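A.B. asks: Input input19.txt, format and content: compact mmCIF, C-alpha atoms.
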# COMPACT_ATOMS: atom_id res chain seq x y z
CA MET M 1 -28.43 18.73 -85.03
CA ALA M 2 -25.73 17.61 -87.47
CA SER M 3 -22.09 17.75 -86.47
CA LEU M 4 -19.94 20.50 -87.89
CA LEU M 5 -17.49 19.86 -90.67
CA SER M 6 -13.88 20.17 -89.56
CA LEU M 7 -12.88 22.38 -92.44
CA TYR M 8 -9.63 22.65 -94.39
CA THR M 9 -8.84 24.16 -97.77
CA ILE M 10 -6.05 23.47 -100.22
CA GLY M 11 -4.87 24.64 -103.61
CA TYR M 12 -2.64 22.45 -105.72
CA GLN M 13 -0.91 25.20 -107.71
CA GLY M 14 2.87 24.77 -107.40
CA ARG M 15 2.59 21.52 -105.43
CA SER M 16 3.66 18.03 -106.29
CA VAL M 17 0.97 15.39 -105.96
CA ASP M 18 3.09 13.73 -103.23
CA SER M 19 3.33 16.88 -101.07
CA PHE M 20 -0.36 17.56 -101.68
CA LEU M 21 -1.34 14.08 -100.46
CA SER M 22 1.12 14.27 -97.58
CA ASP M 23 -0.42 17.53 -96.32
CA LEU M 24 -3.91 16.02 -96.44
CA GLN M 25 -2.81 12.88 -94.60
CA ALA M 26 -0.86 14.87 -91.99
CA ASN M 27 -4.12 16.64 -91.14
CA ASP M 28 -6.19 13.43 -91.11
CA VAL M 29 -8.49 14.70 -93.88
CA ASP M 30 -11.36 12.26 -94.52
CA VAL M 31 -12.72 13.71 -97.74
CA VAL M 32 -11.60 16.16 -100.40
CA LEU M 33 -14.43 18.20 -101.88
CA ASP M 34 -13.34 19.41 -105.29
CA VAL M 35 -14.99 22.81 -105.71
CA ARG M 36 -13.63 23.50 -109.17
CA TYR M 37 -16.41 24.14 -111.66
CA THR M 38 -14.63 21.82 -114.07
CA PRO M 39 -12.39 19.20 -112.41
CA TRP M 40 -9.76 19.33 -115.13
CA SER M 41 -6.16 20.42 -114.89
CA ARG M 42 -3.25 21.07 -117.23
CA ARG M 43 -1.40 18.95 -114.69
CA PRO M 44 -2.82 15.45 -115.33
CA ALA M 45 -2.26 14.27 -111.74
CA PHE M 46 -4.84 16.83 -110.59
CA GLY M 47 -7.56 15.94 -113.09
CA ARG M 48 -10.68 14.36 -111.61
CA SER M 49 -9.97 10.67 -112.34
CA ALA M 50 -6.27 10.67 -111.51
CA LEU M 51 -6.83 12.73 -108.38
CA ALA M 52 -9.65 10.46 -107.19
CA ARG M 53 -7.37 7.40 -107.63
CA THR M 54 -4.50 9.08 -105.75
CA LEU M 55 -6.75 10.08 -102.89
CA GLU M 56 -8.39 6.65 -102.71
CA ALA M 57 -4.94 5.04 -102.52
CA GLY M 58 -4.24 7.44 -99.63
CA HIS M 59 -7.51 6.45 -97.90
CA ILE M 60 -9.17 9.80 -98.58
CA GLN M 61 -12.59 10.07 -100.20
CA TYR M 62 -13.09 12.34 -103.23
CA ALA M 63 -16.22 14.18 -104.34
CA HIS M 64 -16.73 16.83 -106.98
CA LEU M 65 -19.27 19.57 -106.14
CA ARG M 66 -19.60 21.52 -109.39
CA GLU M 67 -22.33 23.77 -108.01
CA LEU M 68 -19.80 25.24 -105.57
CA GLY M 69 -17.31 26.11 -108.29
CA SER M 70 -16.83 29.55 -109.77
CA ALA M 71 -18.63 29.61 -113.09
CA PRO M 72 -16.63 30.38 -116.25
CA GLU M 73 -18.32 33.75 -116.74
CA LEU M 74 -17.26 34.84 -113.24
CA ARG M 75 -13.65 33.80 -113.83
CA LYS M 76 -13.62 35.43 -117.26
CA GLU M 77 -14.84 38.71 -115.77
CA LEU M 78 -12.22 38.52 -113.01
CA HIS M 79 -9.43 37.95 -115.55
CA ALA M 80 -10.72 40.82 -117.70
CA THR M 81 -11.11 43.36 -114.89
CA GLY M 82 -8.89 42.12 -112.07
CA ASP M 83 -11.68 43.19 -109.71
CA TRP M 84 -11.47 40.66 -106.88
CA HIS M 85 -14.11 42.43 -104.78
CA GLN M 86 -16.68 42.22 -107.58
CA PHE M 87 -15.80 38.57 -108.19
CA ALA M 88 -16.21 37.82 -104.48
CA ALA M 89 -19.59 39.57 -104.36
CA ASP M 90 -20.81 37.73 -107.46
CA TYR M 91 -19.55 34.34 -106.25
CA LEU M 92 -21.13 34.77 -102.82
CA ALA M 93 -24.40 35.84 -104.44
CA HIS M 94 -24.30 32.58 -106.38
CA VAL M 95 -23.61 30.48 -103.26
CA ARG M 96 -26.34 32.26 -101.31
CA SER M 97 -28.83 31.63 -104.12
CA LEU M 98 -28.47 27.87 -103.81
CA ASN M 99 -31.37 27.73 -101.32
CA GLY M 100 -30.53 24.63 -99.31
CA THR M 101 -28.35 23.02 -101.96
CA LEU M 102 -25.23 23.88 -100.01
CA GLU M 103 -26.48 22.21 -96.85
CA ALA M 104 -27.74 19.17 -98.78
CA ALA M 105 -24.46 18.80 -100.67
CA LEU M 106 -22.46 18.86 -97.44
CA ALA M 107 -24.80 16.75 -95.27
CA PRO M 108 -23.12 13.42 -96.12
CA TYR M 109 -19.85 14.76 -94.71
CA SER M 110 -21.19 15.97 -91.38
CA GLY M 111 -18.69 15.43 -88.58
CA GLN M 112 -15.84 14.63 -90.96
CA ARG M 113 -12.56 16.36 -91.69
CA VAL M 114 -13.31 17.95 -95.05
CA CYS M 115 -10.92 19.79 -97.34
CA LEU M 116 -12.12 22.15 -100.08
CA LEU M 117 -9.92 21.83 -103.16
CA CYS M 118 -9.23 24.12 -106.06
CA MET M 119 -6.18 25.11 -108.09
CA GLU M 120 -5.28 28.56 -106.73
CA ALA M 121 -2.33 28.65 -104.31
CA ASP M 122 -3.24 32.06 -102.84
CA VAL M 123 -6.14 31.39 -100.50
CA GLU M 124 -6.76 35.13 -100.14
CA HIS M 125 -7.71 35.36 -103.81
CA CYS M 126 -9.57 32.10 -104.28
CA HIS M 127 -13.24 31.23 -104.19
CA ARG M 128 -12.58 28.43 -101.70
CA SER M 129 -11.80 31.03 -99.03
CA LEU M 130 -15.13 32.73 -99.75
CA LEU M 131 -16.93 29.39 -99.55
CA ALA M 132 -15.15 28.50 -96.31
CA ALA M 133 -16.18 31.82 -94.76
CA GLU M 134 -19.79 31.24 -95.83
CA LEU M 135 -19.80 27.77 -94.28
CA LEU M 136 -18.46 29.17 -91.03
CA GLU M 137 -21.02 31.99 -91.06
CA ARG M 138 -23.85 29.49 -91.56
CA GLY M 139 -22.62 27.42 -88.63
CA LEU M 140 -21.81 24.43 -90.83
CA SER M 141 -18.08 24.21 -90.12
CA THR M 142 -15.25 24.93 -87.77
CA PRO M 143 -12.96 27.86 -88.68
CA PRO M 144 -11.03 26.76 -91.78
CA VAL M 145 -7.40 25.70 -91.76
CA HIS M 146 -5.74 26.62 -95.05
CA LEU M 147 -3.13 24.03 -96.03
If you took the structure in this file and wrote it as structure tokens, what would it be?

C.D. replies:
Amino acid sequence: MASLLSLYTIGYQGRSVDSFLSDLQANDVDVVLDVRYTPWSRRPAFGRSALARTLEAGHIQYAHLRELGSAPELRKELHATGDWHQFAADYLAHVRSLNGTLEAALAPYSGQRVCLLCMEADVEHCHRSLLAAELLERGLSTPPVHL
């Protein structure tokens, strides 16, 4: 049986890249899994390439897992309606439809300290919290620590 992921989550909204990296390093994170559908940011330091370089310099691996992001149509509907519960149901339906993809995507990180990354500061209204709960429910991770 594979080892569980030691799971963390983080949002970069309102953070400096230095405090972001410091929080990851303080928790001995091995790998950041970027679960944004599109790893782009209005803040250049948090775009895919720049972020990967920053993390590498801090001895943290970076990987982008697009399939675990919230698709544009889901986000658009959430912004239009403000219905978090419907968004959560739709996002979880997507994750649960992946049929083994989730396990396969995470297998290389088994036993490591993994941090799910997205933009949203409020973990209570972010898809990474839903994903973290699903990983815990499937027995793939430890209870998440939200940084």

A.B. asks: Just the residues within 12 Å of Leu68 in chain M, please, counting all atoms listed in the file, with nothing from its chain fewer than 4 positions along; format it as a ChimeraX atom specification.

C.D. replies: /M:33-39,63-64,91-98,101-103,105-106,116-118,127-132,134-135

A.B. asks: List the spatial neighbours of Leu21 in chain M as a VMD selection string - criterion: any atom at most 10 Å away, only C-alpha atoms, same-chain residues fewer than 5 positions off excluded.

C.D. replies: chain M and resid 12 15 to 16 26 29 51 54 to 55 57 to 58 60

A.B. asks: Work out how far apart CA of Leu24 in chain M and CA of Ser49 in chain M are and give it in Å to one decimal.

C.D. replies: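 Distance reported for this atom pair: 17.8 Å.
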
A.B. asks: Just to confirm, what's the straight-line distance from CA of Ser41 in chain M to CA of Ala121 in chain M in Å (one decimal)?

C.D. replies: 13.9 Å

A.B. asks: As an exercise, work out the distance from CA of Tyr109 in chain M to CA of Ser3 in chain M in Å and give it to one decimal place.

C.D. replies: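 It comes out at 9.0 Å.
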
A.B. asks: Taking 6 positions as the minimum chain separation for residues in the same chain, which residues sit within 6 Å of Val32 in chain M when counting only C-alpha atoms? Answer as a list in words.

C.D. replies: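 Skipping anything fewer than 6 positions along the chain leaves Tyr62, Val114 and Cys115 of chain M.
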
A.B. asks: Please work out which residues fall within 8 Å of (-1.9, 22.1, -98.5), coordinates as given in the file, with only C-alpha atoms counting, and return them as a ChimeraX atom specification.

C.D. replies: /M:9-12,19-20,23-24,146-147
